[in-house]
Amino acid sequence: MTRRRGGDDLVPISGLLSYRLSRTSSALSRSAALRYRREFDVSLGEWRAIALIATDATLTLNRLARRAGLDKAQMSRVVTKLTDRGLVSRTPGSGRTSQLDLTATGKKVYAGLIGAANDRDTTFLGILSPDEREVLERALDKLADLALSLEQQEREAQAGE
């Protein structure tokens, strides 16, 4: 059970770190989704696919889905929409795989999207002092490392059942 340091009171969900981070992340994503839809007519999932494809020319659908945190079926629908719109091309690879790449139009959309994403990042980080930004970076790295470790422990515990 989670308890406040030095106290016996259980922390309500609204005070739990994971809940607060999740709410903040959701708000960041929703505002990004609204802007990217308005300015570039892409969904948040499409933006993530475009950005990941732009930074790794070796991506297949399976690898893209893993990196984006979506299941293969969801990512397949996203890539199909992007292909139909002329933003992504598929080149047949070995077996049933295909390499994904941005078309010339996709690269132009990516340039606008990554510029907007950087503008948003600057806005969010701009409300923090340099010291706060440094502490945030370190804290996020520590939390991510611990979360991955705990996830692995849970997978091992589940496999042992």
# chains A, B, ... in the order shown; residues from 1 in each chain; ligands from 1

$ select_by_dssp --residues "range 1-151 of chain A" --states "alpha helix (DSSP H)" --output "MDAnalysis selection string"
chainID A and resid 17:40 44:55 61:68 72:84 104:126 130:151

$ write_last_selection --atoms "C-alpha atoms" --output "CSV table (one decimal), in the first residue's frame"
chain,number,residue,atom,x,y,z
A,17,LEU,CA,2.8,9.9,-9.2
A,18,SER,CA,1.7,7.5,-12.0
A,19,TYR,CA,-1.7,9.1,-12.2
A,20,ARG,CA,-0.4,12.6,-12.2
A,21,LEU,CA,2.1,11.8,-14.9
A,22,SER,CA,-0.5,10.0,-17.0
A,23,ARG,CA,-2.9,13.0,-16.8
A,24,THR,CA,-0.1,15.4,-17.7
A,25,SER,CA,0.9,13.1,-20.6
A,26,SER,CA,-2.7,12.8,-21.8
A,27,ALA,CA,-3.1,16.6,-21.7
A,28,LEU,CA,0.1,17.1,-23.7
A,29,SER,CA,-1.0,14.6,-26.2
A,30,ARG,CA,-4.5,16.0,-26.6
A,31,SER,CA,-3.3,19.5,-27.2
A,32,ALA,CA,-0.7,18.2,-29.7
A,33,ALA,CA,-3.3,16.1,-31.5
A,34,LEU,CA,-5.6,19.2,-31.9
A,35,ARG,CA,-2.7,21.3,-33.3
A,36,TYR,CA,-1.4,18.6,-35.6
A,37,ARG,CA,-4.9,17.9,-36.9
A,38,ARG,CA,-5.6,21.6,-37.5
A,39,GLU,CA,-2.3,22.5,-39.1
A,40,PHE,CA,-1.3,19.3,-40.9
A,44,LEU,CA,-1.4,11.8,-33.2
A,45,GLY,CA,-0.8,8.2,-34.3
A,46,GLU,CA,0.0,9.4,-37.8
A,47,TRP,CA,2.3,12.1,-36.5
A,48,ARG,CA,4.2,9.5,-34.4
A,49,ALA,CA,4.5,7.1,-37.4
A,50,ILE,CA,5.7,9.9,-39.6
A,51,ALA,CA,8.3,11.1,-37.1
A,52,LEU,CA,9.6,7.6,-36.4
A,53,ILE,CA,9.8,6.7,-40.1
A,54,ALA,CA,11.7,10.0,-40.7
A,55,THR,CA,14.3,9.1,-38.2
A,61,LEU,CA,5.6,-2.3,-39.8
A,62,ASN,CA,6.4,-4.5,-36.8
A,63,ARG,CA,9.3,-2.4,-35.6
A,64,LEU,CA,7.4,0.8,-36.1
A,65,ALA,CA,4.5,-0.6,-34.1
A,66,ARG,CA,6.8,-1.5,-31.2
A,67,ARG,CA,8.5,1.8,-31.2
A,68,ALA,CA,5.2,3.7,-31.3
A,72,LYS,CA,0.5,-4.2,-35.3
A,73,ALA,CA,-3.1,-4.0,-36.4
A,74,GLN,CA,-3.5,-0.4,-35.2
A,75,MET,CA,-0.2,0.6,-36.8
A,76,SER,CA,-1.2,-1.2,-40.1
A,77,ARG,CA,-4.3,1.0,-40.3
A,78,VAL,CA,-2.2,4.1,-39.6
A,79,VAL,CA,0.4,3.2,-42.3
A,80,THR,CA,-2.4,2.4,-44.8
A,81,LYS,CA,-3.9,5.8,-44.3
A,82,LEU,CA,-0.6,7.5,-44.7
A,83,THR,CA,0.2,5.4,-47.8
A,84,ASP,CA,-3.2,6.2,-49.3
A,104,ALA,CA,8.6,13.8,-50.8
A,105,THR,CA,5.2,15.0,-49.6
A,106,GLY,CA,5.6,13.1,-46.4
A,107,LYS,CA,9.0,14.7,-45.8
A,108,LYS,CA,7.5,18.2,-46.2
A,109,VAL,CA,4.7,17.3,-43.8
A,110,TYR,CA,7.3,15.9,-41.3
A,111,ALA,CA,9.3,19.1,-41.5
A,112,GLY,CA,6.3,21.1,-40.5
A,113,LEU,CA,5.3,18.7,-37.8
A,114,ILE,CA,8.7,18.5,-36.2
A,115,GLY,CA,8.9,22.3,-36.3
A,116,ALA,CA,5.6,22.5,-34.5
A,117,ALA,CA,6.6,19.8,-32.0
A,118,ASN,CA,9.8,21.7,-31.3
A,119,ASP,CA,7.8,24.9,-30.8
A,120,ARG,CA,5.6,23.1,-28.3
A,121,ASP,CA,8.6,21.6,-26.5
A,122,THR,CA,10.2,25.0,-26.2
A,123,THR,CA,6.9,26.4,-24.7
A,124,PHE,CA,6.6,23.7,-22.1
A,125,LEU,CA,10.3,23.8,-21.1
A,126,GLY,CA,10.2,27.6,-21.2
A,130,PRO,CA,17.4,25.9,-16.2
A,131,ASP,CA,17.8,24.2,-12.9
A,132,GLU,CA,14.3,22.8,-13.0
A,133,ARG,CA,14.8,21.5,-16.6
A,134,GLU,CA,18.0,19.7,-15.4
A,135,VAL,CA,16.2,18.2,-12.4
A,136,LEU,CA,13.2,17.2,-14.6
A,137,GLU,CA,15.5,15.5,-17.2
A,138,ARG,CA,17.3,13.5,-14.4
A,139,ALA,CA,14.1,12.6,-12.7
A,140,LEU,CA,12.4,11.4,-15.9
A,141,ASP,CA,15.5,9.3,-16.7
A,142,LYS,CA,15.4,7.7,-13.2
A,143,LEU,CA,11.7,7.1,-13.3
A,144,ALA,CA,11.9,5.5,-16.8
A,145,ASP,CA,14.8,3.2,-15.7
A,146,LEU,CA,12.9,2.1,-12.6
A,147,ALA,CA,9.6,1.7,-14.5
A,148,LEU,CA,11.4,-0.6,-17.1
A,149,SER,CA,13.0,-2.6,-14.3
A,150,LEU,CA,9.7,-3.0,-12.5
A,151,GLU,CA,8.0,-4.0,-15.8

$ atom_distance --atom1 "CA of Leu102 in chain A" --atom2 "CA of Gly69 in chain A"
19.9 Å
